[in-house]
file final.cif (mmCIF, C-alpha atoms)
data_final
loop_
_atom_site.label_atom_id
_atom_site.label_comp_id
_atom_site.auth_asym_id
_atom_site.auth_seq_id
_atom_site.Cartn_x
_atom_site.Cartn_y
_atom_site.Cartn_z
CA MET L 26 87.57 103.18 128.08
CA ALA L 27 88.05 106.32 130.11
CA ASP L 28 91.83 106.70 129.75
CA ARG L 29 92.99 106.54 126.14
CA ASN L 30 96.55 107.68 126.90
CA GLN L 31 99.36 105.18 126.47
CA HIS L 32 101.04 103.93 129.64
CA THR L 33 104.44 102.66 130.63
CA LEU L 34 105.95 101.71 133.99
CA ALA L 35 106.90 104.40 136.47
CA ARG L 36 110.13 102.52 137.27
CA GLY L 37 111.93 99.30 136.43
CA ILE L 38 111.29 95.96 138.16
CA ALA L 39 113.12 92.62 138.15
CA LEU L 40 111.96 89.03 138.63
CA LYS L 41 114.18 85.94 138.70
CA GLY L 42 113.36 82.29 138.29
CA ILE L 43 113.61 79.22 136.07
CA GLY L 44 111.96 78.55 132.75
CA VAL L 45 109.27 75.89 132.92
CA HIS L 46 110.47 74.22 129.70
CA THR L 47 114.20 74.97 129.49
CA GLY L 48 114.83 74.70 133.22
CA GLU L 49 117.33 77.56 132.86
CA THR L 50 117.51 80.38 135.38
CA ALA L 51 116.90 83.86 134.03
CA THR L 52 116.23 87.38 135.28
CA LEU L 53 113.47 89.39 133.65
CA THR L 54 113.80 93.15 134.07
CA ILE L 55 110.84 95.23 132.91
CA ARG L 56 111.72 98.85 132.19
CA PRO L 57 109.78 101.94 131.06
CA ALA L 58 109.71 102.63 127.31
CA PRO L 59 108.78 105.73 125.26
CA PRO L 60 105.40 106.26 123.58
CA ASP L 61 104.65 104.02 120.60
CA ALA L 62 107.53 101.67 121.47
CA GLY L 63 105.18 98.79 122.24
CA ILE L 64 106.24 95.75 124.23
CA VAL L 65 109.73 94.58 123.23
CA PHE L 66 111.82 91.74 124.66
CA VAL L 67 115.60 92.14 124.65
CA ARG L 68 117.88 89.11 125.03
CA THR L 69 120.57 90.68 127.20
CA ASP L 70 122.51 87.39 127.40
CA LEU L 71 123.17 87.34 123.65
CA PRO L 72 125.75 89.37 121.70
CA GLY L 73 124.26 92.70 120.64
CA ALA L 74 121.24 92.22 122.95
CA PRO L 75 118.84 91.58 120.04
CA PRO L 76 115.33 93.04 120.39
CA ILE L 77 112.24 90.89 119.79
CA PRO L 78 108.97 92.83 119.41
CA ALA L 79 105.96 91.21 121.07
CA ASN L 80 103.65 91.08 118.08
CA LEU L 81 102.16 88.56 115.69
CA ASP L 82 104.89 89.01 113.10
CA HIS L 83 107.39 87.46 115.50
CA VAL L 84 105.52 84.38 116.78
CA THR L 85 107.75 81.31 116.42
CA ALA L 86 106.14 78.70 118.68
CA THR L 87 102.71 77.82 120.07
CA GLU L 88 103.25 74.36 121.57
CA LEU L 89 102.71 74.35 125.35
CA GLY L 90 103.43 78.08 125.38
CA THR L 91 103.96 81.02 123.05
CA GLY L 92 107.42 81.85 121.74
CA LEU L 93 108.69 84.91 119.87
CA GLY L 94 111.77 85.33 117.73
CA ALA L 95 113.73 87.79 115.58
CA GLY L 96 117.14 87.68 113.95
CA GLY L 97 117.88 84.19 115.26
CA ALA L 98 117.06 85.11 118.88
CA GLU L 99 114.03 83.68 120.67
CA VAL L 100 112.10 84.09 123.90
CA LEU L 101 109.79 81.37 125.20
CA THR L 102 106.67 81.27 127.38
CA VAL L 103 105.83 84.95 127.03
CA GLU L 104 102.07 84.69 127.62
CA HIS L 105 101.97 85.14 131.42
CA VAL L 106 103.86 88.42 131.56
CA LEU L 107 102.03 89.69 128.45
CA ALA L 108 98.68 88.92 130.09
CA ALA L 109 99.62 90.94 133.17
CA LEU L 110 100.80 93.89 131.05
CA ALA L 111 97.63 93.76 128.95
CA ALA L 112 95.29 93.53 131.97
CA LEU L 113 96.97 96.59 133.50
CA GLU L 114 96.97 98.41 130.12
CA VAL L 115 100.71 98.92 129.99
CA ASP L 116 101.32 99.74 126.33
CA ASN L 117 105.07 100.37 126.26
CA ALA L 118 107.78 98.44 128.07
CA THR L 119 111.21 96.95 127.48
CA LEU L 120 111.54 93.41 128.85
CA GLU L 121 115.22 92.58 129.29
CA LEU L 122 115.65 88.82 129.58
CA GLY L 123 118.92 87.17 130.58
CA GLY L 124 118.07 83.78 129.13
CA PRO L 125 115.89 81.96 126.60
CA GLU L 126 112.67 81.75 128.64
CA VAL L 127 110.57 84.03 130.81
CA PRO L 128 110.67 82.72 134.41
CA ILE L 129 107.62 80.65 135.29
CA LEU L 130 107.71 81.78 138.97
CA ASP L 131 104.68 80.12 140.65
CA GLY L 132 103.06 79.21 137.32
CA SER L 133 100.44 81.95 137.45
CA PHE L 134 100.08 85.54 136.25
CA ALA L 135 100.00 86.98 139.78
CA PRO L 136 103.75 87.57 140.41
CA PHE L 137 104.03 89.61 137.21
CA MET L 138 100.89 91.57 137.96
CA SER L 139 101.97 92.30 141.53
CA ALA L 140 105.41 93.50 140.44
CA ILE L 141 103.97 95.79 137.75
CA GLN L 142 101.46 97.23 140.22
CA ASP L 143 104.28 97.87 142.71
CA ALA L 144 106.24 99.74 140.04
CA GLY L 145 103.20 101.83 139.12
CA ARG L 146 102.05 103.13 135.73
CA GLN L 147 103.11 106.34 134.05
CA SER L 148 100.70 108.06 131.66
CA GLN L 149 102.20 109.15 128.34
CA ASN L 150 101.29 111.92 125.92
CA ALA L 151 100.11 109.66 123.10
CA GLU L 152 96.86 107.91 122.34
CA ALA L 153 96.71 104.13 122.74
CA GLU L 154 95.72 102.02 119.76
CA VAL L 155 92.51 100.09 120.37
CA VAL L 156 91.98 96.90 118.38
CA GLU L 157 88.27 96.19 118.45
CA VAL L 158 86.12 93.56 116.81
CA ALA L 159 83.82 95.29 114.32
CA GLU L 160 82.13 92.22 112.84
CA THR L 161 81.84 88.61 113.99
CA ILE L 162 85.01 86.56 113.44
CA SER L 163 85.09 82.75 113.55
CA VAL L 164 88.26 80.65 113.77
CA ASN L 165 88.61 76.87 113.95
CA ASP L 166 91.85 75.31 115.16
CA GLN L 167 93.10 72.07 113.62
CA ASN L 168 93.37 70.56 117.10
CA GLY L 169 89.61 70.85 117.62
CA GLY L 170 89.36 74.26 119.27
CA SER L 171 86.97 76.91 118.01
CA TYR L 172 86.55 80.63 118.58
CA VAL L 173 84.03 83.34 117.88
CA ALA L 174 84.93 87.00 118.45
CA LEU L 175 82.04 89.45 118.74
CA PRO L 176 81.85 93.24 119.04
CA ASP L 177 81.79 94.49 122.63
CA HIS L 178 82.50 97.84 124.29
CA GLY L 179 84.85 96.12 126.76
CA PHE L 180 86.96 92.96 126.92
CA ARG L 181 85.18 89.71 127.78
CA ILE L 182 86.04 86.05 127.44
CA SER L 183 83.63 83.13 127.68
CA ALA L 184 85.47 79.82 127.55
CA THR L 185 84.86 76.10 127.79
CA ILE L 186 87.43 73.34 128.34
CA GLU L 187 86.95 69.60 128.58
CA PHE L 188 89.44 66.96 129.72
CA GLU L 189 88.80 63.30 130.48
CA HIS L 190 90.12 63.61 134.02
CA PRO L 191 88.06 63.53 137.23
CA ALA L 192 89.63 66.75 138.52
CA ILE L 193 88.73 68.72 135.39
CA GLY L 194 85.91 67.33 133.27
CA ARG L 195 83.97 70.04 131.44
CA GLN L 196 84.32 73.59 132.76
CA HIS L 197 82.71 76.77 131.45
CA ALA L 198 82.63 80.38 132.66
CA GLY L 199 82.68 83.97 131.46
CA PHE L 200 84.98 86.75 132.64
CA VAL L 201 85.30 90.50 132.22
CA ILE L 202 88.92 91.44 131.62
CA ASP L 203 90.06 94.58 133.41
CA ALA L 204 92.75 95.22 135.99
CA ALA L 205 90.58 94.63 139.05
CA ARG L 206 88.75 91.56 137.83
CA PHE L 207 91.77 89.97 136.19
CA GLY L 208 93.53 90.34 139.52
CA SER L 209 90.73 88.73 141.52
CA ASP L 210 89.37 86.18 139.03
CA LEU L 211 92.31 84.97 136.95
CA ALA L 212 95.74 86.14 138.08
CA ARG L 213 96.40 83.35 140.63
CA ALA L 214 95.42 80.49 138.29
CA ARG L 215 98.44 78.27 137.59
CA THR L 216 99.52 76.32 134.55
CA PHE L 217 98.82 72.60 134.68
CA GLY L 218 100.03 69.31 133.22
CA PHE L 219 99.68 65.55 133.52
CA HIS L 220 102.18 63.40 135.39
CA ASP L 221 101.92 60.64 132.77
CA ASP L 222 103.16 63.06 130.10
CA ALA L 223 106.22 64.26 132.01
CA ALA L 224 108.74 61.69 130.78
CA LYS L 225 107.79 62.13 127.12
CA LEU L 226 107.94 65.92 127.37
CA ARG L 227 111.34 65.92 129.06
CA ALA L 228 112.68 63.54 126.44
CA ARG L 229 111.77 66.26 123.91
CA GLY L 230 113.46 68.99 125.95
CA LEU L 231 110.17 70.34 127.36
CA ALA L 232 108.92 70.76 130.95
CA LEU L 233 112.51 70.52 132.27
CA GLY L 234 111.77 73.16 134.90
CA SER L 235 108.28 71.95 135.81
CA SER L 236 107.56 71.03 139.43
CA LEU L 237 104.80 71.13 142.00
CA ALA L 238 106.11 74.60 142.90
CA ASN L 239 105.09 76.06 139.55
CA THR L 240 102.62 73.64 137.94
CA ILE L 241 99.40 71.91 138.91
CA VAL L 242 100.26 68.26 138.29
CA LEU L 243 97.52 65.70 137.80
CA ASP L 244 97.98 61.97 138.24
CA GLY L 245 95.40 59.33 137.43
CA SER L 246 93.12 60.16 140.33
CA GLY L 247 93.50 63.83 141.13
CA VAL L 248 95.73 66.81 141.87
CA MET L 249 99.15 66.05 143.32
CA ASN L 250 99.53 69.60 144.76
CA ASP L 251 98.08 70.78 148.08
CA GLY L 252 94.77 71.76 146.52
CA LEU L 253 93.54 74.35 144.03
CA ARG L 254 93.33 78.12 144.25
CA TYR L 255 89.98 78.18 142.41
CA PRO L 256 87.57 75.25 141.90
CA ASP L 257 87.96 75.76 138.12
CA GLU L 258 91.60 76.87 138.18
CA PHE L 259 92.31 74.97 134.96
CA LEU L 260 89.74 76.97 133.00
CA ARG L 261 90.84 80.25 134.53
CA HIS L 262 94.44 79.67 133.55
CA LYS L 263 93.38 78.94 129.98
CA VAL L 264 91.44 82.23 129.93
CA GLY L 265 94.50 84.09 131.23
CA ASP L 266 96.55 82.55 128.44
CA ILE L 267 94.03 83.89 125.91
CA VAL L 268 94.55 87.38 127.36
CA GLY L 269 98.33 87.02 126.99
CA ASP L 270 98.19 85.72 123.45
CA LEU L 271 95.69 88.40 122.35
CA ALA L 272 98.16 91.02 123.60
CA LEU L 273 100.12 90.19 120.44
CA VAL L 274 97.54 92.10 118.35
CA GLY L 275 99.57 95.19 119.20
CA GLY L 276 96.92 97.28 120.92
CA ARG L 277 94.26 97.23 123.62
CA PHE L 278 91.73 94.59 122.66
CA ARG L 279 88.00 95.27 122.77
CA GLY L 280 85.58 92.46 122.02
CA HIS L 281 83.91 89.35 123.38
CA VAL L 282 85.77 86.10 122.72
CA VAL L 283 83.87 82.82 122.97
CA ALA L 284 86.38 79.95 123.04
CA GLU L 285 85.88 76.20 123.02
CA SER L 286 88.99 74.12 123.88
CA PRO L 287 91.43 77.04 123.51
CA SER L 288 95.14 76.49 122.86
CA HIS L 289 98.08 78.78 122.21
CA ARG L 290 97.98 77.87 118.55
CA GLY L 291 94.29 78.68 118.33
CA ASN L 292 94.69 81.86 120.36
CA VAL L 293 97.34 83.14 117.95
CA ALA L 294 95.20 82.21 114.93
CA LEU L 295 92.34 84.21 116.46
CA ALA L 296 94.67 87.14 117.16
CA ARG L 297 95.79 87.13 113.52
CA ALA L 298 92.18 87.20 112.29
CA ILE L 299 91.33 90.06 114.66
CA ARG L 300 94.38 92.07 113.63
CA ALA L 301 93.65 91.49 109.93
CA GLN L 302 90.10 92.80 110.35
CA HIS L 303 91.41 95.81 112.29
CA ASP L 304 93.98 96.62 109.60
CA ARG L 305 91.42 96.35 106.82
CA ARG L 306 89.18 98.83 108.60
CA ARG L 307 92.06 101.14 109.49
CA HIS L 308 93.27 101.31 105.90
CA ALA L 309 89.84 101.44 104.31
CA ARG L 310 89.38 104.68 102.44
CA ARG L 311 86.85 105.06 99.70
CA ILE L 312 87.84 107.34 96.83
CA GLU L 313 84.96 107.70 94.39
CA VAL L 314 85.24 108.46 90.69
CA ALA L 315 84.80 112.24 91.07
CA GLU L 316 87.86 112.45 93.32
CA ILE L 317 89.75 110.01 91.09
CA MET L 318 89.18 112.40 88.18
CA ASP L 319 90.75 115.18 90.24
CA LEU L 320 93.83 113.02 90.82
CA LEU L 321 94.32 111.33 87.43
CA PRO L 322 94.46 112.97 83.98
CA HIS L 323 92.50 110.13 82.35
CA ARG L 324 88.90 110.45 81.14
CA TYR L 325 86.30 108.17 79.58
CA PRO L 326 86.80 105.83 77.84
CA PHE L 327 90.32 105.54 79.19
CA LEU L 328 89.64 106.04 82.91
CA LEU L 329 89.73 102.45 84.12
CA VAL L 330 89.34 102.86 87.89
CA ASP L 331 85.86 103.12 89.41
CA ARG L 332 86.72 103.33 93.09
CA VAL L 333 89.48 102.99 95.67
CA VAL L 334 88.44 100.79 98.60
CA GLU L 335 91.65 100.57 100.67
CA PHE L 336 94.49 103.00 101.01
CA GLU L 337 97.60 102.92 103.19
CA SER L 338 99.58 106.05 102.50
CA GLY L 339 102.88 105.38 100.76
CA LYS L 340 102.49 101.61 101.12
CA ARG L 341 99.45 99.99 99.56
CA ILE L 342 96.25 100.68 97.64
CA VAL L 343 93.31 98.58 96.46
CA GLY L 344 91.30 99.84 93.50
CA LEU L 345 88.16 98.48 91.85
CA LYS L 346 87.08 98.21 88.22
CA ASN L 347 83.61 96.87 87.40
CA VAL L 348 83.87 95.24 83.99
CA THR L 349 80.57 95.56 82.05
CA ILE L 350 79.46 94.48 78.60
CA ASN L 351 79.13 98.17 77.70
CA GLU L 352 82.92 98.72 77.79
CA PRO L 353 83.87 100.27 74.41
CA PHE L 354 86.77 97.86 73.90
CA PHE L 355 84.45 94.84 73.81
CA ARG L 356 83.04 96.03 70.46
CA GLY L 357 86.25 95.25 68.67
CA HIS L 358 88.18 92.85 70.94
CA PHE L 359 86.91 89.30 70.45
CA PRO L 360 83.33 90.60 69.90
CA GLY L 361 81.88 87.10 69.80
CA HIS L 362 83.79 86.10 72.91
CA PRO L 363 84.38 89.32 74.91
CA ILE L 364 87.64 89.39 76.86
CA MET L 365 89.19 92.49 78.41
CA PRO L 366 92.46 93.28 76.60
CA GLY L 367 95.44 92.31 78.71
CA VAL L 368 97.19 95.61 78.07
CA LEU L 369 94.16 97.45 79.50
CA ILE L 370 94.25 95.28 82.62
CA ILE L 371 97.83 96.41 83.17
CA GLU L 372 96.85 100.00 82.30
CA ALA L 373 94.12 99.89 84.97
CA MET L 374 96.64 98.47 87.42
CA GLY L 375 98.98 101.34 86.55
CA GLN L 376 96.25 103.90 87.14
CA VAL L 377 95.65 102.46 90.60
CA GLY L 378 99.39 102.68 91.19
CA GLY L 379 99.32 106.29 90.05
CA LEU L 380 96.71 107.04 92.71
CA LEU L 381 99.03 105.55 95.33
CA LEU L 382 101.80 107.89 94.18
CA MET L 383 99.59 110.97 94.18
CA ASP L 384 99.62 110.96 97.97
CA SER L 385 103.41 111.37 97.97
CA VAL L 386 103.88 114.34 95.61
CA GLY L 387 102.39 117.38 97.30
CA ASP L 388 99.53 118.85 95.26
CA PRO L 389 98.59 116.05 92.81
CA LYS L 390 96.91 118.54 90.45
CA ASP L 391 100.38 119.80 89.55
CA LYS L 392 101.85 116.34 88.85
CA VAL L 393 101.43 113.44 86.47
CA VAL L 394 102.75 109.88 86.58
CA TYR L 395 104.51 108.42 83.53
CA PHE L 396 105.32 104.73 83.48
CA MET L 397 108.88 103.86 82.50
CA ALA L 398 109.07 100.06 82.61
CA LEU L 399 107.10 96.87 83.14
CA ASN L 400 108.68 93.63 84.31
CA ASN L 401 107.47 90.10 84.98
CA VAL L 402 104.07 90.78 83.45
CA LYS L 403 101.83 87.72 83.58
CA TRP L 404 98.22 87.13 82.63
CA ARG L 405 96.72 84.19 84.50
CA LYS L 406 93.03 84.16 83.57
CA PRO L 407 90.77 86.06 81.14
CA VAL L 408 88.61 88.92 82.45
CA THR L 409 85.08 88.96 81.02
CA PRO L 410 81.92 91.09 81.34
CA GLY L 411 80.40 90.90 84.82
CA ASP L 412 83.75 90.50 86.58
CA GLN L 413 84.69 92.79 89.45
CA LEU L 414 88.39 93.41 89.04
CA LEU L 415 90.34 94.31 92.18
CA PHE L 416 93.85 95.70 91.90
CA GLU L 417 96.25 95.42 94.85
CA VAL L 418 99.32 97.60 94.34
CA GLU L 419 102.19 97.84 96.84
CA MET L 420 105.02 100.33 96.94
CA VAL L 421 108.42 98.64 96.63
CA ASN L 422 110.49 101.82 96.92
CA LEU L 423 110.30 105.51 96.10
CA ARG L 424 113.48 107.49 95.50
CA ARG L 425 113.01 111.13 94.63
CA SER L 426 110.63 111.04 91.68
CA VAL L 427 111.12 107.39 90.60
CA CYS L 428 109.00 104.64 92.06
CA LYS L 429 108.88 100.85 91.86
CA MET L 430 105.60 99.08 92.54
CA LYS L 431 104.24 95.55 92.46
CA GLY L 432 100.63 94.89 91.52
CA ARG L 433 98.17 92.14 90.86
CA GLY L 434 94.63 91.96 89.52
CA ILE L 435 92.15 89.69 91.28
CA VAL L 436 88.73 88.34 90.29
CA ASP L 437 86.76 86.20 92.76
CA GLY L 438 89.83 85.79 94.93
CA LYS L 439 92.02 84.47 92.10
CA THR L 440 94.92 86.33 90.49
CA VAL L 441 94.22 87.18 86.86
CA ALA L 442 97.26 89.37 86.16
CA GLU L 443 100.41 90.64 87.86
CA ALA L 444 103.25 93.00 87.05
CA GLU L 445 106.17 94.95 88.43
CA MET L 446 106.01 98.62 87.43
CA MET L 447 108.43 101.53 87.40
CA ALA L 448 107.12 105.08 87.11
CA ARG L 449 108.32 108.65 87.26
CA ILE L 450 106.46 111.59 88.81
CA VAL L 451 106.80 114.76 86.69
CA ASP L 452 105.28 118.23 86.59
CA ARG L 453 102.18 118.54 84.43
#
call {"tool": "encode", "arguments": {"input": "final.cif", "output": "structure tokens"}}
result
Amino acid sequence: MADRNQHTLARGIALKGIGVHTGETATLTIRPAPPDAGIVFVRTDLPGAPPIPANLDHVTATELGTGLGAGGAEVLTVEHVLAALAALEVDNATLELGGPEVPILDGSFAPFMSAIQDAGRQSQNAEAEVVEVAETISVNDQNGGSYVALPDHGFRISATIEFEHPAIGRQHAGFVIDAARFGSDLARARTFGFHDDAAKLRARGLALGSSLANTIVLDGSGVMNDGLRYPDEFLRHKVGDIVGDLALVGGRFRGHVVAESPSHRGNVALARAIRAQHDRRRHARRIEVAEIMDLLPHRYPFLLVDRVVEFESGKRIVGLKNVTINEPFFRGHFPGHPIMPGVLIIEAMGQVGGLLLMDSVGDPKDKVVYFMALNNVKWRKPVTPGDQLLFEVEMVNLRRSVCKMKGRGIVDGKTVAEAEMMARIVDR
């Protein structure tokens, strides 16, 4: 990617229309936003104009469209405008919406893309976050869809759909996703539905705004509209929806997605898996024992942390303890049935927590962490020789020199111990 700067719009734009599901008229105004603001919807028709960030933490619906919500406010059918913003690499924008649902317009991505292109992009003095697939990710949706995401230097989607209808059947194609090719290959593809489903959907309060003006409608024999814009318009629209839903990862996506029978629910599940992998890599920081000894005052046999494998400054840390039969405490603690003492499990957890605090105190060589209180301590399973003991410790709050943390010990994916800890940072 040549341009790593963030982008916003050069000026505001407005689009007006009805929502395909609610049938309510709304105006969507897309305005410039500052660096690092991200894409945020604002419900201007509600008291206080509540903001709703367009990210995975705020997904509320995935049936026949993707919905977002926050603080009791919701916006529906966000995927088309998000796909256009993502294809044009607009990273920051405020989307003011005067109703519950983004207008469907002609049912495609093209009106949003055209309006954004007319407004123009403005480069910003901040680097865009790139969310890229580092290792193969597989996701299976309960509705029968499946996905594989592979590393790729760009953004590609290969997709297959299959419907038992003579106008659709089985369709497969691959697409490169960038501004030019999204505009030519995908943008004009419209949403579609089946005439036989209309009454049931409307009885449920869905598809109230659907019509031949904004939806490809299929009856028993074919397409009720005046033809298709692409021979495989159905597939292309599904691919565009994937682009819109993957925009919820919160950065510019880089990878190759292979999708079979994609749906909004499956797309969001894939986006969550991609974001989780990205966050693990972003927070991964290995701190080996030599550096740990610089940060903690403990020494053998009381240094109970071998390595730090994840670290998010001021928020979270993951430390590792390899439990071997050579541990000195096994000689006297149940020697015929070696079990790691529970108090030492909590001590090891506390040492990992101390490493999390050391990043918040200036020069850690001048400080030491004393624990003040333990609450809700629980031991779930015994820890024995050969176990690899992972400690996940999260910061609850830090006020001046007093900190509250929550931790748990994990062996083979199962919690073996947990505790809430309070500590004080003091001068050595």
call {"tool": "resolve_selection", "arguments": {"input": "final.cif", "expression": "the PyMOL selection byres ((chain L and resi 71-73) around 12)", "output": "compact mmCIF listing (two decimals) with C-alpha atoms, in the coordinates of the input"}}
result
# COMPACT_ATOMS: atom_id res chain seq x y z
CA VAL L 67 115.60 92.14 124.65
CA ARG L 68 117.88 89.11 125.03
CA THR L 69 120.57 90.68 127.20
CA ASP L 70 122.51 87.39 127.40
CA ALA L 74 121.24 92.22 122.95
CA PRO L 75 118.84 91.58 120.04
CA PRO L 76 115.33 93.04 120.39
CA GLY L 96 117.14 87.68 113.95
CA GLY L 97 117.88 84.19 115.26
CA ALA L 98 117.06 85.11 118.88
CA GLU L 99 114.03 83.68 120.67
CA VAL L 100 112.10 84.09 123.90
CA GLU L 121 115.22 92.58 129.29
CA LEU L 122 115.65 88.82 129.58
CA GLY L 123 118.92 87.17 130.58
CA GLY L 124 118.07 83.78 129.13
CA PRO L 125 115.89 81.96 126.60
call {"tool": "atom_distance", "arguments": {"input": "final.cif", "atom1": "CA of Gly252 in chain L", "atom2": "CA of Gln196 in chain L"}}
result
17.4 Å
call {"tool": "atom_distance", "arguments": {"input": "final.cif", "atom1": "CA of Gly44 in chain L", "atom2": "CA of Leu260 in chain L"}}
result
22.3 Å
call {"tool": "resolve_selection", "arguments": {"input": "final.cif", "expression": "the PyMOL selection byres ((chain L and resi 36-41) around 8)", "output": "CSV table (one decimal) with C-alpha atoms, in the coordinates of the input"}}
result
chain,number,residue,atom,x,y,z
L,34,LEU,CA,106.0,101.7,134.0
L,35,ALA,CA,106.9,104.4,136.5
L,42,GLY,CA,113.4,82.3,138.3
L,43,ILE,CA,113.6,79.2,136.1
L,50,THR,CA,117.5,80.4,135.4
L,51,ALA,CA,116.9,83.9,134.0
L,52,THR,CA,116.2,87.4,135.3
L,53,LEU,CA,113.5,89.4,133.6
L,54,THR,CA,113.8,93.2,134.1
L,55,ILE,CA,110.8,95.2,132.9
L,56,ARG,CA,111.7,98.8,132.2
L,57,PRO,CA,109.8,101.9,131.1
L,128,PRO,CA,110.7,82.7,134.4
L,130,LEU,CA,107.7,81.8,139.0
L,140,ALA,CA,105.4,93.5,140.4
L,141,ILE,CA,104.0,95.8,137.8
L,144,ALA,CA,106.2,99.7,140.0
L,145,GLY,CA,103.2,101.8,139.1
call {"tool": "residues_near_point", "arguments": {"input": "final.cif", "point": "(93.3, 102.8, 90.7)", "cutoff": "9 Å", "atoms": "all atoms listed in the file", "output": "compact mmCIF listing (two decimals) with C-alpha atoms, keeping the file's coordinate frame"}}
result
# COMPACT_ATOMS: atom_id res chain seq x y z
CA ILE L 317 89.75 110.01 91.09
CA LEU L 329 89.73 102.45 84.12
CA VAL L 330 89.34 102.86 87.89
CA ASP L 331 85.86 103.12 89.41
CA ARG L 332 86.72 103.33 93.09
CA VAL L 333 89.48 102.99 95.67
CA ILE L 342 96.25 100.68 97.64
CA VAL L 343 93.31 98.58 96.46
CA GLY L 344 91.30 99.84 93.50
CA LEU L 345 88.16 98.48 91.85
CA LYS L 346 87.08 98.21 88.22
CA ALA L 373 94.12 99.89 84.97
CA MET L 374 96.64 98.47 87.42
CA GLY L 375 98.98 101.34 86.55
CA GLN L 376 96.25 103.90 87.14
CA VAL L 377 95.65 102.46 90.60
CA GLY L 378 99.39 102.68 91.19
CA GLY L 379 99.32 106.29 90.05
CA LEU L 380 96.71 107.04 92.71
CA LEU L 381 99.03 105.55 95.33
CA PHE L 416 93.85 95.70 91.90
CA GLU L 417 96.25 95.42 94.85
CA VAL L 418 99.32 97.60 94.34
call {"tool": "closest_residue", "arguments": {"input": "final.cif", "among": "L:Leu101, L:Val201, L:Ala444, L:Leu399", "to": "Glu419 in chain L", "atoms": "all atoms listed in the file"}}
result
L:Ala444
call {"tool": "closest_residue", "arguments": {"input": "final.cif", "among": "L:Val427, L:Val421, L:Ala212, L:Ile129", "to": "Val394 in chain L", "atoms": "all atoms listed in the file"}}
result
L:Val427
call {"tool": "atom_distance", "arguments": {"input": "final.cif", "atom1": "CA of Asn30 in chain L", "atom2": "CA of Ser148 in chain L"}}
result
6.3 Å
call {"tool": "resolve_selection", "arguments": {"input": "final.cif", "expression": "the PyMOL selection byres ((chain L and resi 170-181) around 7)", "output": "mmCIF file with C-alpha atoms, in the coordinates of the input"}}
result
data_model
loop_
_atom_site.group_PDB
_atom_site.id
_atom_site.type_symbol
_atom_site.label_atom_id
_atom_site.label_comp_id
_atom_site.auth_asym_id
_atom_site.auth_seq_id
_atom_site.Cartn_x
_atom_site.Cartn_y
_atom_site.Cartn_z
ATOM 1 C CA VAL L 158 86.120 93.560 116.810
ATOM 2 C CA ALA L 159 83.820 95.290 114.320
ATOM 3 C CA GLU L 160 82.130 92.220 112.840
ATOM 4 C CA THR L 161 81.840 88.610 113.990
ATOM 5 C CA ILE L 162 85.010 86.560 113.440
ATOM 6 C CA SER L 163 85.090 82.750 113.550
ATOM 7 C CA VAL L 164 88.260 80.650 113.770
ATOM 8 C CA ASN L 165 88.610 76.870 113.950
ATOM 9 C CA ASP L 166 91.850 75.310 115.160
ATOM 10 C CA ASN L 168 93.370 70.560 117.100
ATOM 11 C CA GLY L 169 89.610 70.850 117.620
ATOM 12 C CA ILE L 182 86.040 86.050 127.440
ATOM 13 C CA SER L 183 83.630 83.130 127.680
ATOM 14 C CA PHE L 200 84.980 86.750 132.640
ATOM 15 C CA VAL L 201 85.300 90.500 132.220
ATOM 16 C CA ILE L 202 88.920 91.440 131.620
ATOM 17 C CA PHE L 278 91.730 94.590 122.660
ATOM 18 C CA ARG L 279 88.000 95.270 122.770
ATOM 19 C CA GLY L 280 85.580 92.460 122.020
ATOM 20 C CA HIS L 281 83.910 89.350 123.380
ATOM 21 C CA VAL L 282 85.770 86.100 122.720
ATOM 22 C CA VAL L 283 83.870 82.820 122.970
ATOM 23 C CA ALA L 284 86.380 79.950 123.040
ATOM 24 C CA GLU L 285 85.880 76.200 123.020
ATOM 25 C CA SER L 286 88.990 74.120 123.880
ATOM 26 C CA PRO L 287 91.430 77.040 123.510
ATOM 27 C CA GLY L 291 94.290 78.680 118.330
#
call {"tool": "closest_residue", "arguments": {"input": "final.cif", "among": "L:Arg449, L:Arg424, L:Lys439, L:Lys429", "to": "Lys406 in chain L", "atoms": "only C-alpha atoms"}}
result
L:Lys439
call {"tool": "closest_residue", "arguments": {"input": "final.cif", "among": "L:His190, L:Arg290, L:His197, L:Arg277", "to": "Val248 in chain L", "atoms": "all atoms listed in the file"}}
result
L:His190
call {"tool": "closest_residue", "arguments": {"input": "final.cif", "among": "L:Lys431, L:Arg213, L:His105, L:Arg297", "to": "Glu445 in chain L", "atoms": "only C-alpha atoms"}}
result
L:Lys431
call {"tool": "axis_aligned_box", "arguments": {"input": "final.cif", "around": "range 157-175 of chain L", "padding_each_side": "6 Å", "output": "lines of an AutoDock Vina configuration file"}}
result
center_x = 87.6
center_y = 83.4
center_z = 116.1
size_x = 23.5
size_y = 37.6
size_z = 18.4
call {"tool": "closest_residue", "arguments": {"input": "final.cif", "among": "L:Gly208, L:Gly434, L:Gly245, L:Pro363", "to": "Gly411 in chain L", "atoms": "all atoms listed in the file"}}
result
L:Pro363
call {"tool": "residues_around", "arguments": {"input": "final.cif", "residues": "Ser209 in chain L", "least_positions_apart": "4", "cutoff": "12 Å", "atoms": "only C-alpha atoms", "output": "number ranges by chain"}}
result
L: 112, 134-135, 138-139, 200-205, 213-214, 254-255, 261, 265
call {"tool": "residues_near_point", "arguments": {"input": "final.cif", "point": "(87.7, 65.8, 131.6)", "cutoff": "12 Å", "atoms": "all atoms listed in the file", "output": "JSON, numbers by chain"}}
result
{"L": [185, 186, 187, 188, 189, 190, 191, 192, 193, 194, 195, 196, 243, 245, 246, 247, 257, 259, 260, 286]}
